[in-house]
Amino acid sequence: MTTNSDNKQANKKQKPVIGKNSKPKLNLSWIYMAIAIFLIGLYFFNSSPKPVEEVDNIEFNEMVLAQEIKQLEYVKKDNRVHIFLKENAILQNSEYEKFREKNIDGPQCFLNISDFQVFNENLNRLKERAIENRLAADTSLTKSDIENDYEFPLKQNTTENWGRELIWWILPLVFIFVLFYYSMRSMKGGGAAGGGIFSIGKSKAQLFDSKTQANISFKDVAGMEGAKYEVEEIVDFLKNPKKYTELGGKIPKGALLVGPPGTGKTLLAKAVAGEAKVPFFSLSGSDFVEMFVGVGASRVRDLFKTAKEKAPCIIFIDEIDAVGRARGRNVMSGANDERENTLNQLLTEMDGFSSNAGVIILAATNRADVLDRALLRAGRFDRQIHVELPNINERKGIFEVHVRNLKIGPDVDLEFFAKQTPGFSGADIANVCNEAALIAARTSKKQIEKVDFLSAIDRIVGGLEKRGSIISPQEKKVIAYHESGHASVSWLLKHASPLVKVTIVPRGKSLGAAWYLPEERHITTFDQLFDEMTATLGGRASEELIFGQISTGALSDLERVTKQAYSMVVYFGLNKKIGNVSYYDSSGQSEYSFTKPYSEKTAEEIDKEIHNLIESAYKRALDILKGNKEKLDQLAAILLEREVIFAEDLENIFGKRPEGAAEIQN
């Protein structure tokens with residue numbers, strides 16, 4: 001189904017739903033924070049008490065003479081003497097006020113010494129001098145009376161806290177080791193996942209085997225009968241190899257799935273994985289590409305090494321054009337291009353000196369024209385399986401697959417929808433079914449009805465209706481005549497596509513849209529193409545006939561007609577002046593060429609013939625509308641009133657279509 005709207009509704013991506021039993025992942029920052037808190041706590045809470053401040057020898061001597069010292073403790077490790085003062089001395093001496101609130105249990109201060117033996121001798125001499133001075137001052141005293149006043153314990157702490165020292169040395173090392181370990185795990189990307197710096201050369205292929213079999217079979221793949229037959233033969237060989245080897249036959253080493261986007265190439269590969277019952281490696285061509293030199297070739301080697309260990313098996317490479325593009329195309333990259341090195345390794349692994357017995361390669365692409373010829377030769381990809389857009393019967397089968405899990409009403413006719421969706425791929429049909437379910441749910445229906453499917457088709461083809469758009473009455477009238485011109489000319493021409501409906505309700509970026517039902521054909525004649533061009537230009541011709549001027553509303557029409565005329569003249573050889581020549585390059589080499597395959601004189605002739613072809617189609621459309629001006633006015637009036645008209649309205653006004661024209665599928 002075609003329309004003059006250039007936009008299609010994109011598929012909506014759904015956010016993944018997180019399961020209820022999903023566990024939170026361990027955050028490495030929590031581990032680092034816990035270790036840091038532990039170290040800080042160990043420093044503050046497990047450290048020994050420190051004296052308040054240091055005193056010099058004079059102050060120490062005064063303390064000894066004043067009999068204020070309760071105890072001394074020599075710490076060998078620090079080579080200092082901790083001084084414990086008497087409690088009454090602290091309370092009575094104003095100079096010791098700083099000791100009253102903190103560190104009152106001692107030590108209150110410390111004295112740095114150079115040698116303990118020297119310190120002990122000096123301390124004894126100081127005590128003796130103090131005793132002598134008191135005896136000289138008071139003759140009534142004896143030495144034995146005052147000797148005990150200057151005696152206080154002097155302990156020697158020669159032990160060292162090796163445990164704490166060991167902890168202070170080991171804990172930082174443990175912290176560094178843990179940090180290094182988890183950093184390496186992060187860089188490895190989870191080991192076998194193949195995403196880190198230590199496994200960067202490993203293959204990223206996802207393995208499906210007996211434990212992780214895909215749940216898709218050939219029953220889930222509708223249409224593509226020829227392609228299914230080809231891959232079913234490969235699966236049958238893997239299951240029953242003797243059936244083929246007894247006759248001396250060999251299974252093809254590789255098969256290339258070629259077709260437009262959305263036709264089901266990847267789905268077919270998933271069905272092979274589900275049916276084969278052998279190890280199935282799945283990856284994309286972009287998985288070989290990396291910023292580091294040599295990684296792509298390394299991943300190719302690792303992929304085939306793993307595949308040989310699990311043979312017989314299948315390797316599926318999706319979008320192989322990402323790595324298999326023809327060598328030498330990019331003149332700016334030089335000979336040592338990383339992608340070319342990866343391709344060279346892939347060519348060697350697929351058919352080199354080493355044997356790959358039991359390893360079958362499937363690949364998919366929609367750009368087979370850009371692939372390297374060495375990749376397509378026999379012995380590598382022996383078969384090219386073309387997966388084309390489905391025909392009417394295949395579309396019906398695809399609809400049946402996608403409505404299995406839908407609650408559809410009794411008025412849903414899948415054969416009718418298959419007729420209404422020519423040119424739709426399998427992905428488009430899947431989108432239609434999903435969009436119909438959403439539309440039905442939006443209106444709180446219990447089942448999906450026919451009108452929901454039709455609305456879904458309209459939305460995908462033409463875009464979302466914008467009924468809130470502000471359009472002036474004059475613009476609306478121009479749009480109505482424009483669309484009526486398309487409908488009128490297409491109805492009156494034999495080979496033009498029959499009309500399904502016309503609307504002047506804005507959709508997407510278009511102000512109006514017309515739905516046609518093109519005939520499904522494999523070859524097209526000049527008359528058929530010329531009628532289609534004439535019908536496409538009917539909108540602009542109608543504007544000129546009614547209003548005497550043209551507008552910018554025919555941009556998409558002009559673009560389509562110009563491309564069609566260019567193809568007729570340059571590619572298909574349908575122009576008498578240019579002749580039976582085609583400048584189409586199926587190899588894709590001209591894509592990178594700055595020169596045209598024809599001379600400047602021929603280019604002028606081509607431009608002239610394209611212009612004459614388009615102008616003759618436009619004049620033809622104008623003449624048809626001039627001869628049916630009253631009917632055109634009548635159709636435009638109905639369109640302005642209803643905003644939507646159908647094929648029945650055109651038949652009531654213009655009568656039946658010309659004899660031999662394609663019929664409307666009801």
# chains A, B, ... in the order shown; residues from 1 in each chain; ligands from 1
$ residues_around --residues "segment 72-82 of chain A" --least-positions-apart "2" --cutoff "6 Å" --atoms "only C-alpha atoms" --output "number ranges by chain"
A: 107, 110-113, 154-158
$ write_last_selection --atoms "N, CA and C atoms" --output "short mmCIF file (atom, residue, chain, number, x, y, z; two decimals), in the first residue's frame"
data_model
loop_
_atom_site.label_atom_id
_atom_site.label_comp_id
_atom_site.auth_asym_id
_atom_site.auth_seq_id
_atom_site.Cartn_x
_atom_site.Cartn_y
_atom_site.Cartn_z
N PRO A 107 50.09 9.52 81.47
CA PRO A 107 51.09 10.54 81.83
C PRO A 107 50.66 11.93 81.39
N PHE A 110 56.07 14.54 79.14
CA PHE A 110 57.18 13.62 78.84
C PHE A 110 58.47 14.41 78.68
N LEU A 111 59.59 13.68 78.85
CA LEU A 111 60.92 14.27 78.74
C LEU A 111 61.72 13.43 77.75
N ASN A 112 62.20 14.06 76.72
CA ASN A 112 63.05 13.36 75.76
C ASN A 112 64.46 13.23 76.33
N ILE A 113 65.03 12.03 76.22
CA ILE A 113 66.38 11.79 76.74
C ILE A 113 67.21 11.17 75.63
N LEU A 154 60.32 3.88 88.91
CA LEU A 154 60.85 4.16 87.57
C LEU A 154 60.77 2.85 86.78
N LYS A 155 59.71 2.76 85.97
CA LYS A 155 59.50 1.55 85.18
C LYS A 155 60.14 1.70 83.81
N GLN A 156 60.57 0.57 83.31
CA GLN A 156 61.16 0.54 81.96
C GLN A 156 60.24 -0.26 81.03
N ASN A 157 59.67 0.40 80.05
CA ASN A 157 58.80 -0.25 79.06
C ASN A 157 59.64 -0.55 77.81
N THR A 158 60.23 -1.77 77.85
CA THR A 158 61.10 -2.15 76.71
C THR A 158 60.37 -2.97 75.67
#
$ select_by_dssp --residues "segment 73-128 of chain A" --states "strand (DSSP E or B)" --output "list in words"
Glu73, Tyr74, Val75, Arg80, Val81, His82, Ile83, Phe84, Leu85, Cys109, Phe110, Leu111 and Asn112 of chain A
$ residues_around --residues "Val581 of chain A" --least-positions-apart "2" --cutoff "8 Å" --atoms "only C-alpha atoms" --output "list in words"
Val570, Tyr571, Phe572, Gly573, Ile578, Gly579 and Tyr583 of chain A
$ closest_residue --among "A:Ser455, A:Gln420, A:Glu232, A:Ala227" --to "Ala437 of chain A" --atoms "only C-alpha atoms"
A:Ser455
$ select_by_dssp --residues "segment 253-339 of chain A" --states "helix (DSSP H, G or I)" --output "PyMOL selection string"
chain A and resi 265-276+285-288+295-309+321-324+338-339
$ residues_around --residues "segment 239-246 of chain A" --least-positions-apart "2" --cutoff "10 Å" --atoms "only C-alpha atoms" --output "list of chain:residue names"
A:Glu233, A:Ile234, A:Val235, A:Asp236, A:Phe237, A:Gly248, A:Gly249, A:Lys250, A:Ile251, A:Glu275, A:Ala276, A:Lys277, A:Val278, A:Pro312, A:Gly358
$ write_last_selection --atoms "N, CA, C and O atoms" --output "short mmCIF file (atom, residue, chain, number, x, y, z; two decimals), in the first residue's frame"
data_model
loop_
_atom_site.label_atom_id
_atom_site.label_comp_id
_atom_site.auth_asym_id
_atom_site.auth_seq_id
_atom_site.Cartn_x
_atom_site.Cartn_y
_atom_site.Cartn_z
N GLU A 233 17.38 -27.94 5.02
CA GLU A 233 18.31 -28.95 4.51
C GLU A 233 19.61 -28.95 5.32
O GLU A 233 20.18 -30.01 5.59
N ILE A 234 20.06 -27.77 5.73
CA ILE A 234 21.27 -27.68 6.55
C ILE A 234 21.03 -28.33 7.91
O ILE A 234 21.87 -29.09 8.42
N VAL A 235 19.88 -28.04 8.50
CA VAL A 235 19.55 -28.64 9.80
C VAL A 235 19.43 -30.15 9.68
O VAL A 235 19.91 -30.91 10.53
N ASP A 236 18.83 -30.62 8.59
CA ASP A 236 18.67 -32.06 8.39
C ASP A 236 20.02 -32.74 8.22
O ASP A 236 20.22 -33.88 8.68
N PHE A 237 20.97 -32.07 7.59
CA PHE A 237 22.30 -32.65 7.44
C PHE A 237 22.98 -32.81 8.80
O PHE A 237 23.65 -33.82 9.05
N GLY A 248 28.32 -39.43 -1.12
CA GLY A 248 29.50 -38.61 -1.44
C GLY A 248 29.24 -37.13 -1.44
O GLY A 248 30.12 -36.35 -1.83
N GLY A 249 28.06 -36.72 -1.03
CA GLY A 249 27.75 -35.30 -1.03
C GLY A 249 28.34 -34.57 0.16
O GLY A 249 28.66 -35.17 1.19
N LYS A 250 28.49 -33.30 0.02
CA LYS A 250 29.00 -32.44 1.09
C LYS A 250 28.03 -31.29 1.30
O LYS A 250 27.55 -30.69 0.34
N ILE A 251 27.77 -31.03 2.56
CA ILE A 251 26.89 -29.91 2.87
C ILE A 251 27.60 -28.60 2.57
O ILE A 251 28.83 -28.49 2.74
N GLU A 275 15.93 -25.53 16.01
CA GLU A 275 15.69 -26.83 15.37
C GLU A 275 16.94 -27.69 15.28
O GLU A 275 16.84 -28.92 15.20
N ALA A 276 18.11 -27.09 15.26
CA ALA A 276 19.33 -27.83 14.93
C ALA A 276 19.73 -28.82 16.01
O ALA A 276 20.29 -29.87 15.72
N LYS A 277 19.46 -28.49 17.30
CA LYS A 277 19.88 -29.33 18.42
C LYS A 277 21.40 -29.52 18.45
O LYS A 277 21.90 -30.53 18.92
N VAL A 278 22.13 -28.57 17.90
CA VAL A 278 23.59 -28.57 17.95
C VAL A 278 24.03 -27.21 18.46
O VAL A 278 23.24 -26.25 18.44
N PRO A 312 29.88 -30.92 15.51
CA PRO A 312 29.26 -30.05 14.51
C PRO A 312 28.47 -28.92 15.16
O PRO A 312 27.82 -29.11 16.18
N GLY A 358 32.43 -29.79 9.91
CA GLY A 358 31.34 -29.74 10.87
C GLY A 358 30.95 -28.35 11.31
O GLY A 358 30.03 -28.20 12.11
#
$ closest_atom_pairs --of "segment 432-532 of chain A" --to "segment 561-567 of chain A" --cutoff "9 Å" --atoms "only C-alpha atoms" --output "CSV"
residue,atom,partner,partner_atom,distance
A:Leu529,CA,A:Gln564,CA,8.0
A:Phe530,CA,A:Ala565,CA,8.8
A:Glu532,CA,A:Val561,CA,8.8
$ residues_around --residues "segment 139-150 of chain A" --least-positions-apart "3" --cutoff "12 Å" --atoms "only C-alpha atoms" --output "JSON, numbers by chain"
{"A": [61, 63, 64, 65, 66, 67, 68, 69, 70, 71, 123, 124, 125, 126, 127, 128, 129, 130, 131, 132, 133, 134, 135, 136, 153, 154]}
$ write_last_selection --atoms "C-alpha atoms" --output "PDB file, in the first residue's frame"
ATOM      1  CA  ASN A  61      64.279  19.002  88.028  1.00  0.00           C
ATOM      2  CA  MET A  63      59.183  18.616  89.715  1.00  0.00           C
ATOM      3  CA  VAL A  64      61.644  16.250  91.376  1.00  0.00           C
ATOM      4  CA  LEU A  65      62.707  18.796  93.978  1.00  0.00           C
ATOM      5  CA  ALA A  66      59.090  19.755  94.694  1.00  0.00           C
ATOM      6  CA  GLN A  67      58.241  16.088  95.245  1.00  0.00           C
ATOM      7  CA  GLU A  68      55.403  16.256  92.649  1.00  0.00           C
ATOM      8  CA  ILE A  69      56.257  13.119  90.667  1.00  0.00           C
ATOM      9  CA  LYS A  70      54.204   9.996  91.308  1.00  0.00           C
ATOM     10  CA  GLN A  71      55.815   7.673  88.760  1.00  0.00           C
ATOM     11  CA  LEU A 123      68.342  11.529  88.519  1.00  0.00           C
ATOM     12  CA  ASN A 124      70.108   9.789  91.433  1.00  0.00           C
ATOM     13  CA  ARG A 125      72.580  12.680  91.810  1.00  0.00           C
ATOM     14  CA  LEU A 126      69.672  15.127  91.789  1.00  0.00           C
ATOM     15  CA  LYS A 127      67.932  13.203  94.572  1.00  0.00           C
ATOM     16  CA  GLU A 128      71.118  13.072  96.690  1.00  0.00           C
ATOM     17  CA  ARG A 129      71.699  16.823  96.256  1.00  0.00           C
ATOM     18  CA  ALA A 130      68.100  17.516  97.245  1.00  0.00           C
ATOM     19  CA  ILE A 131      68.504  15.398 100.418  1.00  0.00           C
ATOM     20  CA  GLU A 132      71.787  17.102 101.330  1.00  0.00           C
ATOM     21  CA  ASN A 133      70.234  20.551 100.907  1.00  0.00           C
ATOM     22  CA  ARG A 134      67.354  19.699 103.207  1.00  0.00           C
ATOM     23  CA  LEU A 135      69.638  18.154 105.834  1.00  0.00           C
ATOM     24  CA  ALA A 136      71.811  21.294 105.784  1.00  0.00           C
ATOM     25  CA  PRO A 153      58.855   4.073  90.779  1.00  0.00           C
ATOM     26  CA  LEU A 154      60.847   4.157  87.570  1.00  0.00           C
TER      27      LEU A 154
END
$ closest_residue --among "A:Leu613, A:Leu555, A:Ala496, A:Ala418" --to "Glu394 of chain A" --atoms "only C-alpha atoms"
A:Ala418
$ closest_residue --among "A:Asp138, A:Glu483, A:Glu605, A:Asp428" --to "Ile457 of chain A" --atoms "only C-alpha atoms"
A:Asp428
$ residues_around --residues "Ala535 of chain A" --least-positions-apart "4" --cutoff "9 Å" --atoms "only C-alpha atoms" --output "PyMOL selection string"
chain A and resi 485-491+493+496-497+530-531+539+617-618+621
$ residues_around --residues "segment 634-637 of chain A" --least-positions-apart "6" --cutoff "12 Å" --atoms "only C-alpha atoms" --output "ChimeraX atom specification"
/A:476-488,502-504,539,542-543,546,625,628,643-654
$ decode --residues "segment 386-414 of chain A" --atoms "N, CA and C atoms" --output "compact mmCIF listing (two decimals), in the first residue's frame"
# COMPACT_ATOMS: atom_id res chain seq x y z
N HIS A 386 17.85 -15.78 -0.93
CA HIS A 386 17.18 -14.48 -1.02
C HIS A 386 15.87 -14.52 -0.24
N VAL A 387 15.77 -13.65 0.72
CA VAL A 387 14.57 -13.53 1.55
C VAL A 387 13.87 -12.23 1.13
N GLU A 388 12.87 -12.36 0.28
CA GLU A 388 12.21 -11.19 -0.29
C GLU A 388 10.98 -10.81 0.54
N LEU A 389 10.38 -9.69 0.17
CA LEU A 389 9.14 -9.27 0.82
C LEU A 389 8.05 -10.30 0.55
N PRO A 390 7.22 -10.59 1.54
CA PRO A 390 6.23 -11.66 1.38
C PRO A 390 5.13 -11.30 0.40
N ASN A 391 4.62 -12.33 -0.31
CA ASN A 391 3.46 -12.13 -1.17
C ASN A 391 2.19 -12.23 -0.35
N ILE A 392 1.04 -12.21 -1.02
CA ILE A 392 -0.23 -12.14 -0.30
C ILE A 392 -0.48 -13.37 0.56
N ASN A 393 -0.12 -14.55 0.04
CA ASN A 393 -0.33 -15.77 0.83
C ASN A 393 0.63 -15.81 2.02
N GLU A 394 1.87 -15.37 1.81
CA GLU A 394 2.84 -15.36 2.91
C GLU A 394 2.47 -14.32 3.96
N ARG A 395 1.91 -13.20 3.54
CA ARG A 395 1.48 -12.19 4.51
C ARG A 395 0.34 -12.72 5.37
N LYS A 396 -0.54 -13.49 4.77
CA LYS A 396 -1.61 -14.10 5.55
C LYS A 396 -1.04 -15.04 6.61
N GLY A 397 -0.04 -15.84 6.22
CA GLY A 397 0.60 -16.74 7.18
C GLY A 397 1.30 -15.98 8.29
N ILE A 398 1.91 -14.85 7.95
CA ILE A 398 2.59 -14.04 8.98
C ILE A 398 1.57 -13.45 9.95
N PHE A 399 0.42 -12.99 9.41
CA PHE A 399 -0.64 -12.50 10.29
C PHE A 399 -1.10 -13.60 11.24
N GLU A 400 -1.23 -14.82 10.74
CA GLU A 400 -1.68 -15.93 11.59
C GLU A 400 -0.69 -16.21 12.72
N VAL A 401 0.60 -16.04 12.44
CA VAL A 401 1.60 -16.26 13.49
C VAL A 401 1.51 -15.18 14.56
N HIS A 402 1.32 -13.94 14.16
CA HIS A 402 1.38 -12.83 15.12
C HIS A 402 0.07 -12.61 15.87
N VAL A 403 -1.04 -13.23 15.43
CA VAL A 403 -2.30 -13.06 16.16
C VAL A 403 -2.58 -14.25 17.08
N ARG A 404 -1.60 -15.15 17.22
CA ARG A 404 -1.81 -16.32 18.07
C ARG A 404 -2.16 -15.93 19.49
N ASN A 405 -1.45 -14.95 20.01
CA ASN A 405 -1.63 -14.56 21.41
C ASN A 405 -2.53 -13.34 21.57
N LEU A 406 -3.23 -12.96 20.50
CA LEU A 406 -4.12 -11.80 20.55
C LEU A 406 -5.57 -12.26 20.65
N LYS A 407 -6.38 -11.49 21.35
CA LYS A 407 -7.81 -11.76 21.44
C LYS A 407 -8.51 -10.98 20.33
N ILE A 408 -8.77 -11.66 19.22
CA ILE A 408 -9.34 -11.00 18.04
C ILE A 408 -10.83 -11.30 17.96
N GLY A 409 -11.57 -10.36 17.36
CA GLY A 409 -13.01 -10.50 17.22
C GLY A 409 -13.40 -11.35 16.03
N PRO A 410 -14.66 -11.69 15.91
CA PRO A 410 -15.11 -12.54 14.80
C PRO A 410 -15.07 -11.85 13.45
N ASP A 411 -15.03 -10.52 13.42
CA ASP A 411 -15.02 -9.81 12.15
C ASP A 411 -13.62 -9.63 11.56
N VAL A 412 -12.59 -10.15 12.22
CA VAL A 412 -11.22 -10.01 11.74
C VAL A 412 -10.97 -11.03 10.63
N ASP A 413 -10.68 -10.52 9.43
CA ASP A 413 -10.40 -11.36 8.27
C ASP A 413 -8.94 -11.17 7.89
N LEU A 414 -8.10 -12.15 8.20
CA LEU A 414 -6.66 -12.02 7.96
C LEU A 414 -6.35 -11.96 6.47
